[in-house]
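Chemist: The following file, upload.pdb, comprises PDB, C-alpha atoms:
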MODEL        1
ATOM      1  CA  MET W   1       0.000   0.000   0.000
ATOM      2  CA  ARG W   2       2.817   2.412   0.894
ATOM      3  CA  LYS W   3       4.609   1.736  -2.390
ATOM      4  CA  LYS W   4       1.409   2.302  -4.368
ATOM      5  CA  LEU W   5       0.633   5.549  -2.529
ATOM      6  CA  ALA W   6       4.192   6.781  -3.060
ATOM      7  CA  LEU W   7       3.871   6.028  -6.789
ATOM      8  CA  ILE W   8       0.611   7.967  -7.074
ATOM      9  CA  GLN W   9       2.187  10.894  -5.204
ATOM     10  CA  THR W  10       5.131  10.851  -7.600
ATOM     11  CA  ILE W  11       2.788  10.896 -10.606
ATOM     12  CA  LEU W  12       0.883  13.878  -9.202
ATOM     13  CA  PHE W  13       4.056  15.805  -8.466
ATOM     14  CA  ASN W  14       5.367  15.123 -11.938
ATOM     15  CA  CYS W  15       2.146  16.621 -13.297
ATOM     16  CA  LYS W  16       2.344  19.787 -11.223
ATOM     17  CA  LYS W  17       5.268  21.156  -9.245
ATOM     18  CA  ASN W  18       3.215  23.544  -7.114
ATOM     19  CA  VAL W  19       0.868  20.950  -5.613
ATOM     20  CA  ASP W  20       0.668  21.662  -1.880
ATOM     21  CA  THR W  21       4.030  20.449  -0.532
ATOM     22  CA  SER W  22       2.432  19.201   2.692
ATOM     23  CA  PHE W  23       0.633  16.610   0.554
ATOM     24  CA  LYS W  24       3.802  14.551   0.064
ATOM     25  CA  LYS W  25       5.127  15.048   3.560
ATOM     26  CA  HIS W  26       1.938  14.206   5.475
ATOM     27  CA  LYS W  27       0.299  11.859   2.957
ATOM     28  CA  MET W  28      -2.940  13.813   3.050
ATOM     29  CA  ILE W  29      -4.362  12.202  -0.067
ATOM     30  CA  GLU W  30      -4.978   8.468   0.083
ATOM     31  CA  ILE W  31      -5.575   6.700  -3.205
ATOM     32  CA  LEU W  32      -7.205   3.289  -2.896
ATOM     33  CA  LYS W  33      -7.598   0.600  -5.571
ATOM     34  CA  TYR W  34      -9.198   1.312  -8.977
ATOM     35  CA  CYS W  35      -8.758   5.097  -8.926
ATOM     36  CA  ARG W  36      -8.057   7.058 -12.097
ATOM     37  CA  ILE W  37      -6.575  10.548 -11.813
ATOM     38  CA  CYS W  38      -6.203  12.942 -14.746
ATOM     39  CA  MET W  39      -4.589  16.218 -13.738
ATOM     40  CA  ASP W  40      -3.396  18.992 -16.035
ATOM     41  CA  ARG W  41       0.090  20.344 -15.382
ATOM     42  CA  THR W  42      -1.392  23.746 -14.497
ATOM     43  CA  ALA W  43      -3.959  22.400 -11.999
ATOM     44  CA  THR W  44      -3.545  22.821  -8.244
ATOM     45  CA  ILE W  45      -4.571  20.567  -5.349
ATOM     46  CA  LYS W  46      -4.252  21.911  -1.804
ATOM     47  CA  CYS W  47      -5.040  19.698   1.171
ATOM     48  CA  LYS W  48      -5.388  21.255   4.601
ATOM     49  CA  GLY W  49      -7.111  18.060   5.687
ATOM     50  CA  ASN W  50      -7.395  14.577   4.186
ATOM     51  CA  LEU W  51      -8.897  13.337   0.924
ATOM     52  CA  ILE W  52      -9.565   9.596   0.675
ATOM     53  CA  LEU W  53     -10.542   8.292  -2.759
ATOM     54  CA  GLY W  54     -11.949   4.895  -3.714
ATOM     55  CA  ILE W  55     -13.413   3.438  -0.503
ATOM     56  CA  LYS W  56     -15.197   0.165  -1.262
ATOM     57  CA  GLU W  57     -18.268  -1.372   0.397
ATOM     58  CA  ASN W  58     -17.765  -4.496  -1.747
ATOM     59  CA  ILE W  59     -14.068  -5.326  -1.805
ATOM     60  CA  LYS W  60     -14.513  -7.435  -4.964
ATOM     61  CA  SER W  61     -15.922  -4.504  -6.927
ATOM     62  CA  LYS W  62     -13.699  -3.074  -9.666
ATOM     63  CA  GLU W  63     -15.693   0.136  -9.985
ATOM     64  CA  GLU W  64     -13.413   3.110 -10.681
ATOM     65  CA  THR W  65     -13.225   6.331  -8.755
ATOM     66  CA  ARG W  66     -12.274   9.219 -11.051
ATOM     67  CA  LEU W  67     -10.747  12.624 -10.367
ATOM     68  CA  SER W  68     -10.163  14.979 -13.295
ATOM     69  CA  LEU W  69      -8.708  18.495 -13.091
ATOM     70  CA  GLY W  70      -8.450  20.775 -16.124
ATOM     71  CA  LYS W  71      -6.169  23.662 -17.008
ATOM     72  CA  ASN W  72      -5.625  26.208 -14.203
ATOM     73  CA  SER W  73      -8.255  24.457 -12.074
ATOM     74  CA  LYS W  74      -8.111  24.443  -8.272
ATOM     75  CA  MET W  75      -9.222  21.918  -5.660
ATOM     76  CA  LEU W  76      -9.075  22.724  -1.945
ATOM     77  CA  ILE W  77      -9.787  20.220   0.830
ATOM     78  CA  ASN W  78     -10.177  21.950   4.215
ATOM     79  CA  ASN W  79     -10.827  18.899   6.384
ATOM     80  CA  THR W  80     -11.404  15.144   5.952
ATOM     81  CA  PHE W  81     -13.508  14.090   2.960
ATOM     82  CA  LYS W  82     -14.129  10.494   1.845
ATOM     83  CA  ALA W  83     -15.229   9.475  -1.653
ATOM     84  CA  TYR W  84     -16.534   5.942  -2.177
ATOM     85  CA  ALA W  85     -16.048   3.750  -5.258
ATOM     86  CA  GLY W  86     -17.608   5.066  -8.449
ATOM     87  CA  THR W  87     -17.377   8.727  -7.488
ATOM     88  CA  ASP W  88     -16.643  10.953 -10.484
ATOM     89  CA  ILE W  89     -15.246  14.412  -9.674
ATOM     90  CA  ARG W  90     -14.534  16.720 -12.602
ATOM     91  CA  VAL W  91     -13.114  20.226 -12.247
ATOM     92  CA  PHE W  92     -13.020  21.960 -15.629
ATOM     93  CA  ASP W  93     -10.540  24.541 -16.916
ATOM     94  CA  ASN W  94     -10.230  27.617 -14.630
ATOM     95  CA  ALA W  95     -12.819  26.205 -12.198
ATOM     96  CA  GLU W  96     -12.567  25.916  -8.408
ATOM     97  CA  LEU W  97     -13.900  23.179  -6.117
ATOM     98  CA  LYS W  98     -13.785  23.713  -2.350
ATOM     99  CA  ILE W  99     -14.679  20.881   0.023
ATOM    100  CA  GLY W 100     -14.899  21.037   3.811
ATOM    101  CA  SER W 101     -15.589  17.644   5.369
ATOM    102  CA  GLY W 102     -17.947  14.689   5.096
ATOM    103  CA  TYR W 103     -18.374  11.990   2.499
ATOM    104  CA  CYS W 104     -20.003  10.946  -0.748
ATOM    105  CA  THR W 105     -21.081   7.344  -1.241
ATOM    106  CA  CYS W 106     -21.056   5.250  -4.412
ATOM    107  CA  ASP W 107     -21.555   6.663  -7.912
ATOM    108  CA  VAL W 108     -21.755  10.337  -6.990
ATOM    109  CA  GLN W 109     -21.021  12.827  -9.782
ATOM    110  CA  ILE W 110     -19.616  16.288  -9.058
ATOM    111  CA  VAL W 111     -19.135  18.478 -12.128
ATOM    112  CA  CYS W 112     -17.531  21.864 -11.498
ATOM    113  CA  ALA W 113     -17.279  24.201 -14.492
ATOM    114  CA  SER W 114     -17.001  27.441 -12.498
ATOM    115  CA  LYS W 115     -17.225  27.196  -8.700
ATOM    116  CA  ILE W 116     -18.678  24.755  -6.178
ATOM    117  CA  GLU W 117     -18.321  25.087  -2.409
ATOM    118  CA  ILE W 118     -19.207  22.178  -0.104
ATOM    119  CA  GLY W 119     -19.216  22.903   3.630
ATOM    120  CA  GLU W 120     -18.346  20.921   6.735
ATOM    121  CA  ASP W 121     -20.025  17.651   7.793
ATOM    122  CA  VAL W 122     -21.858  17.107   4.506
ATOM    123  CA  ALA W 123     -23.408  13.686   3.791
ATOM    124  CA  ILE W 124     -23.915  12.931   0.094
ATOM    125  CA  ALA W 125     -25.806   9.700  -0.619
ATOM    126  CA  ARG W 126     -25.556   7.254  -3.523
ATOM    127  CA  ASP W 127     -26.136   8.388  -7.139
ATOM    128  CA  VAL W 128     -26.299  12.108  -6.304
ATOM    129  CA  ILE W 129     -25.433  14.586  -9.075
ATOM    130  CA  ILE W 130     -24.043  18.033  -8.283
ATOM    131  CA  ARG W 131     -23.285  20.215 -11.303
ATOM    132  CA  ASP W 132     -22.913  23.958 -11.716
ATOM    133  CA  THR W 133     -23.349  23.924 -15.486
ATOM    134  CA  ASP W 134     -25.901  22.981 -18.139
ATOM    135  CA  ALA W 135     -22.989  22.125 -20.463
ATOM    136  CA  HIS W 136     -24.891  23.649 -23.415
ATOM    137  CA  GLU W 137     -26.220  27.122 -24.176
ATOM    138  CA  ILE W 138     -29.786  27.969 -25.184
ATOM    139  CA  LEU W 139     -29.529  30.277 -28.183
ATOM    140  CA  GLY W 140     -31.582  33.449 -28.370
ATOM    141  CA  LYS W 141     -32.370  33.408 -24.650
ATOM    142  CA  ASP W 142     -30.971  35.210 -21.593
ATOM    143  CA  HIS W 143     -29.358  32.020 -20.395
ATOM    144  CA  ALA W 144     -26.378  31.578 -18.073
ATOM    145  CA  LYS W 145     -24.823  28.212 -18.794
ATOM    146  CA  THR W 146     -22.888  28.119 -15.515
ATOM    147  CA  LYS W 147     -23.655  29.402 -12.000
ATOM    148  CA  LYS W 148     -21.958  28.869  -8.652
ATOM    149  CA  ILE W 149     -23.254  26.247  -6.167
ATOM    150  CA  ILE W 150     -22.884  26.631  -2.392
ATOM    151  CA  ILE W 151     -23.698  23.741  -0.050
ATOM    152  CA  GLY W 152     -23.645  24.759   3.610
ATOM    153  CA  ASN W 153     -22.557  22.934   6.747
ATOM    154  CA  HIS W 154     -24.222  19.766   8.081
ATOM    155  CA  VAL W 155     -26.264  19.160   4.940
ATOM    156  CA  TRP W 156     -27.727  15.757   4.045
ATOM    157  CA  ILE W 157     -28.360  15.043   0.360
ATOM    158  CA  GLY W 158     -30.454  11.913  -0.244
ATOM    159  CA  ASN W 159     -30.160   9.164  -2.858
ATOM    160  CA  ARG W 160     -30.420  10.223  -6.511
ATOM    161  CA  ALA W 161     -30.975  13.879  -5.712
ATOM    162  CA  ILE W 162     -29.756  16.402  -8.282
ATOM    163  CA  ILE W 163     -28.321  19.776  -7.309
ATOM    164  CA  MET W 164     -28.496  22.177 -10.243
ATOM    165  CA  LYS W 165     -26.501  25.304 -11.031
ATOM    166  CA  GLY W 166     -26.895  28.553  -9.085
ATOM    167  CA  VAL W 167     -28.382  27.173  -5.861
ATOM    168  CA  THR W 168     -27.393  27.686  -2.240
ATOM    169  CA  ILE W 169     -28.311  25.006   0.302
ATOM    170  CA  GLY W 170     -28.467  26.382   3.819
ATOM    171  CA  ASP W 171     -26.879  24.886   6.931
ATOM    172  CA  GLY W 172     -28.616  21.881   8.453
ATOM    173  CA  ALA W 173     -30.882  21.285   5.458
ATOM    174  CA  ILE W 174     -31.997  17.915   4.070
ATOM    175  CA  VAL W 175     -32.546  17.237   0.369
ATOM    176  CA  ALA W 176     -34.895  14.258   0.041
ATOM    177  CA  ALA W 177     -34.155  11.274  -2.181
ATOM    178  CA  GLY W 178     -34.915  11.938  -5.842
ATOM    179  CA  ALA W 179     -35.356  15.685  -5.409
ATOM    180  CA  ILE W 180     -34.195  18.064  -8.142
ATOM    181  CA  VAL W 181     -32.999  21.292  -6.557
ATOM    182  CA  THR W 182     -33.331  24.317  -8.866
ATOM    183  CA  LYS W 183     -33.767  27.070  -6.237
ATOM    184  CA  ASP W 184     -32.134  27.992  -2.931
ATOM    185  CA  VAL W 185     -32.860  25.771   0.077
ATOM    186  CA  PRO W 186     -33.388  27.627   3.392
ATOM    187  CA  PRO W 187     -31.390  26.466   6.430
ATOM    188  CA  HIS W 188     -32.883  23.678   8.585
ATOM    189  CA  THR W 189     -35.565  22.691   6.104
ATOM    190  CA  ILE W 190     -36.420  19.523   4.176
ATOM    191  CA  VAL W 191     -37.009  19.896   0.461
ATOM    192  CA  ALA W 192     -38.493  17.216  -1.783
ATOM    193  CA  GLY W 193     -40.004  16.752  -5.224
ATOM    194  CA  VAL W 194     -39.408  17.848  -8.807
ATOM    195  CA  PRO W 195     -38.661  20.683  -8.662
ATOM    196  CA  ALA W 196     -37.789  20.565  -4.957
ATOM    197  CA  LYS W 197     -40.001  22.493  -2.529
ATOM    198  CA  VAL W 198     -39.904  22.973   1.236
ATOM    199  CA  ILE W 199     -41.983  20.306   2.980
ATOM    200  CA  CYS W 200     -40.754  20.781   6.559
ATOM    201  CA  GLU W 201     -39.156  23.620   8.540
ATOM    202  CA  ASN W 202     -37.086  24.040  11.706
ATOM    203  CA  ILE W 203     -35.543  20.586  11.501
ATOM    204  CA  ASP W 204     -32.238  19.117  12.617
ATOM    205  CA  TRP W 205     -30.651  15.726  11.955
ATOM    206  CA  LYS W 206     -27.762  13.521  13.014
TER     207      LYS W 206
ENDMDL
END
Would you write out, as structure tokens, the structure that this file holds?

Modeler:
Amino acid sequence: MRKKLALIQTILFNCKKNVDTSFKKHKMIEILKYCRICMDRTATIKCKGNLILGIKENIKSKEETRLSLGKNSKMLINNTFKAYAGTDIRVFDNAELKIGSGYCTCDVQIVCASKIEIGEDVAIARDVIIRDTDAHEILGKDHAKTKKIIIGNHVWIGNRAIIMKGVTIGDGAIVAAGAIVTKDVPPHTIVAGVPAKVICENIDWK
């Protein structure tokens, strides 16, 4: 395991000289089996905490965990964040992804074309999609293809929920399974449905 981790670290440092130097010294990024990393030479990863990629619930699974960083992109990990097998994190050219702490379970997709901020103690369930871009433009309309996403602290995002561009999810909120979030979510509320609407207020969870 140590040899494999050292090899991955060497590959990352060969890609980019200005990757946070504490990464190599303190081994703050742990790469488990079946992880694929594609990092442009101009991309930057900074770890103030720990990033663990490729955790498996089924040890026999060969499902890949993917991390892709484009030109001049930035990824900042402030605390400990765990990504389970099948997670696909893509940070496009000139985009910035900030993550506090928490986890995302299997087959989560995070697509960052501009800016996504994920707070502390965030629980992201299986098959969730978080993307700050539509990927395509609608011609002849006042249409912003990309808008920033902010996910607050202690947020729980349920199975197969989709978080769309331009939304802010307040602290302590819960996004129900299957919800499609197109508007801001107030703190300490539960939202559900398509599109997601507030169904309960003044809640907390653990």

Chemist: Convert the output of the PyMOL selection byres ((chain W and resi 135) around 8) on the shown file into explicit residues, formatted as number ranges by chain.

Modeler: W: 133-134, 136-137, 145-146

Chemist: Tell me, in Å to one decimal, how far atom CA of Val175 of chain W is from atom CA of Asp127 of chain W.

Modeler: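 Taking atom CA of Val175 of chain W as the start and atom CA of Asp127 of chain W as the end point, the length is 13.3 Å.
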
Chemist: Could you name the residues that touch Lys71 of chain W at 6 Å or less, counting all atoms listed in the file, but leaving out those on the same chain fewer than 4 positions away, as a list of chain:residue names?

Modeler: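 The residues that qualify are W:Asp40, W:Thr42, W:Ala43, W:Asp93.
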
Chemist: List the neighbours of segment 192-197 of chain W out to 7 Å using all atoms listed in the file; skip same-chain residues closer than 5 positions along the sequence, and give me the result as an NGL selection string.

Modeler: :W and (175-176 or 179-182)

Chemist: Could you make a table, as a tab-separated table, of the residues of segment 84-112 of chain W that have an atom within 10 Å of an atom of segment 154-173 of chain W, each with its nearest atom pair and distance in Å to one decimal, counting only C-alpha atoms, in chain and number order?

Modeler:
residue	atom	partner	partner_atom	distance
W:Ser101	CA	W:His154	CA	9.3
W:Gly102	CA	W:His154	CA	8.6
W:Cys104	CA	W:Ile157	CA	9.4
W:Thr105	CA	W:Asn159	CA	9.4
W:Asp107	CA	W:Arg160	CA	9.7
W:Val108	CA	W:Arg160	CA	8.7
W:Gln109	CA	W:Ile162	CA	9.6
W:Ile110	CA	W:Ile163	CA	9.5
W:Cys112	CA	W:Lys165	CA	9.6

Chemist: Need to verify the contact set: Leu97 of chain W, 10 Å, only C-alpha atoms, exclusion of same-chain residues closer than 3 positions in sequence. Can you return it as a list in words?

Modeler: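 Listed by chain and then number, they are Ile45, Leu69, Ser73, Lys74, Met75, Leu76, Ile77, Ile89, Arg90, Val91, Phe92, Ile110, Val111, Cys112, Ala113, Ser114, Lys115, Ile116, Glu117, Ile118 and Ile149 of chain W.
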
Chemist: Include C-alpha atoms and write out the residues we just selected as a tab-separated table (two decimals), in the frame of the given file.

Modeler:
chain	number	residue	atom	x	y	z
W	45	ILE	CA	-4.57	20.57	-5.35
W	69	LEU	CA	-8.71	18.50	-13.09
W	73	SER	CA	-8.26	24.46	-12.07
W	74	LYS	CA	-8.11	24.44	-8.27
W	75	MET	CA	-9.22	21.92	-5.66
W	76	LEU	CA	-9.07	22.72	-1.94
W	77	ILE	CA	-9.79	20.22	0.83
W	89	ILE	CA	-15.25	14.41	-9.67
W	90	ARG	CA	-14.53	16.72	-12.60
W	91	VAL	CA	-13.11	20.23	-12.25
W	92	PHE	CA	-13.02	21.96	-15.63
W	110	ILE	CA	-19.62	16.29	-9.06
W	111	VAL	CA	-19.14	18.48	-12.13
W	112	CYS	CA	-17.53	21.86	-11.50
W	113	ALA	CA	-17.28	24.20	-14.49
W	114	SER	CA	-17.00	27.44	-12.50
W	115	LYS	CA	-17.23	27.20	-8.70
W	116	ILE	CA	-18.68	24.76	-6.18
W	117	GLU	CA	-18.32	25.09	-2.41
W	118	ILE	CA	-19.21	22.18	-0.10
W	149	ILE	CA	-23.25	26.25	-6.17

Chemist: How many Å lie between atom CA of Asn78 of chain W and atom CA of Tyr103 of chain W, rounded to one decimal?

Modeler: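 These atoms are spaced 13.0 Å apart.
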
Chemist: Could you spell out the hits of the PyMOL selection byres ((chain W and resi 53) around 8) on the shown file, as number ranges by chain?

Modeler: W: 29-32, 35, 51-52, 54-55, 65, 82-85

Chemist: If I take atom CA of Lys62 of chain W and atom CA of Tyr34 of chain W, how far is one from the other in Å, to one decimal?

Modeler: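 One can read the atom CA of Lys62 of chain W to atom CA of Tyr34 of chain W distance as 6.3 Å.
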
Chemist: Using the chain letters and numbering of this document, enumerate as a ChimeraX atom specification the residues selected by the PyMOL selection byres ((chain W and resi 66) around 7).

Modeler: /W:35-37,64-65,67-68,87-89

Chemist: Which of these residues is nearest to Lys46 of chain W, using all atoms listed in the file: W:Asn58, W:Asn94, W:Asn202, W:Asn79?

Modeler: W:Asn79

Chemist: Could N, CA and C atoms be built for segment 135-165 of chain W and written out as a compact mmCIF listing (two decimals), in the frame of the given file?

Modeler:
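After the write, part.txt holds the following:
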# COMPACT_ATOMS: atom_id res chain seq x y z
N ALA W 135 -23.87 22.67 -19.42
CA ALA W 135 -22.99 22.12 -20.46
C ALA W 135 -23.28 22.69 -21.85
N HIS W 136 -24.52 23.09 -22.12
CA HIS W 136 -24.89 23.65 -23.42
C HIS W 136 -25.60 24.99 -23.21
N GLU W 137 -25.54 25.83 -24.22
CA GLU W 137 -26.22 27.12 -24.18
C GLU W 137 -27.54 27.06 -24.94
N ILE W 138 -28.52 27.83 -24.47
CA ILE W 138 -29.79 27.97 -25.18
C ILE W 138 -29.70 29.25 -26.00
N LEU W 139 -29.72 29.13 -27.30
CA LEU W 139 -29.53 30.28 -28.18
C LEU W 139 -30.76 31.18 -28.19
N GLY W 140 -30.50 32.48 -28.27
CA GLY W 140 -31.58 33.45 -28.37
C GLY W 140 -32.29 33.72 -27.06
N LYS W 141 -31.76 33.19 -25.96
CA LYS W 141 -32.37 33.41 -24.65
C LYS W 141 -31.34 34.01 -23.69
N ASP W 142 -31.84 34.69 -22.65
CA ASP W 142 -30.97 35.21 -21.59
C ASP W 142 -30.64 34.04 -20.67
N HIS W 143 -29.63 33.29 -21.05
CA HIS W 143 -29.36 32.02 -20.40
C HIS W 143 -27.91 31.96 -19.92
N ALA W 144 -27.71 31.76 -18.63
CA ALA W 144 -26.38 31.58 -18.07
C ALA W 144 -26.10 30.08 -17.99
N LYS W 145 -25.12 29.64 -18.74
CA LYS W 145 -24.82 28.21 -18.79
C LYS W 145 -24.29 27.69 -17.47
N THR W 146 -23.56 28.55 -16.74
CA THR W 146 -22.89 28.12 -15.52
C THR W 146 -23.15 29.10 -14.38
N LYS W 147 -23.47 28.57 -13.19
CA LYS W 147 -23.66 29.40 -12.00
C LYS W 147 -23.13 28.66 -10.77
N LYS W 148 -22.58 29.41 -9.85
CA LYS W 148 -21.96 28.87 -8.65
C LYS W 148 -22.95 28.10 -7.77
N ILE W 149 -22.48 27.02 -7.15
CA ILE W 149 -23.25 26.25 -6.17
C ILE W 149 -22.58 26.37 -4.80
N ILE W 150 -23.38 26.62 -3.77
CA ILE W 150 -22.88 26.63 -2.39
C ILE W 150 -23.71 25.65 -1.57
N ILE W 151 -23.05 24.69 -0.95
CA ILE W 151 -23.70 23.74 -0.05
C ILE W 151 -23.16 24.02 1.35
N GLY W 152 -24.05 24.34 2.27
CA GLY W 152 -23.64 24.76 3.61
C GLY W 152 -23.13 23.63 4.48
N ASN W 153 -23.04 23.90 5.77
CA ASN W 153 -22.56 22.93 6.75
C ASN W 153 -23.67 21.99 7.21
N HIS W 154 -23.29 20.76 7.52
CA HIS W 154 -24.22 19.77 8.08
C HIS W 154 -25.46 19.61 7.20
N VAL W 155 -25.20 19.36 5.93
CA VAL W 155 -26.26 19.16 4.94
C VAL W 155 -26.31 17.68 4.56
N TRP W 156 -27.52 17.16 4.43
CA TRP W 156 -27.73 15.76 4.04
C TRP W 156 -28.44 15.74 2.70
N ILE W 157 -27.79 15.13 1.70
CA ILE W 157 -28.36 15.04 0.36
C ILE W 157 -28.70 13.58 0.08
N GLY W 158 -29.97 13.28 -0.13
CA GLY W 158 -30.45 11.91 -0.24
C GLY W 158 -30.19 11.27 -1.60
N ASN W 159 -30.42 9.96 -1.65
CA ASN W 159 -30.16 9.16 -2.86
C ASN W 159 -30.78 9.77 -4.12
N ARG W 160 -29.99 9.81 -5.18
CA ARG W 160 -30.42 10.22 -6.51
C ARG W 160 -30.96 11.64 -6.59
N ALA W 161 -30.62 12.46 -5.62
CA ALA W 161 -30.98 13.88 -5.71
C ALA W 161 -30.06 14.55 -6.74
N ILE W 162 -30.55 15.64 -7.32
CA ILE W 162 -29.76 16.40 -8.28
C ILE W 162 -29.71 17.85 -7.83
N ILE W 163 -28.51 18.38 -7.70
CA ILE W 163 -28.32 19.78 -7.31
C ILE W 163 -27.90 20.54 -8.55
N MET W 164 -28.74 21.46 -9.00
CA MET W 164 -28.50 22.18 -10.24
C MET W 164 -27.73 23.47 -10.00
N LYS W 165 -27.32 24.09 -11.07
CA LYS W 165 -26.50 25.30 -11.03
C LYS W 165 -27.20 26.44 -10.26
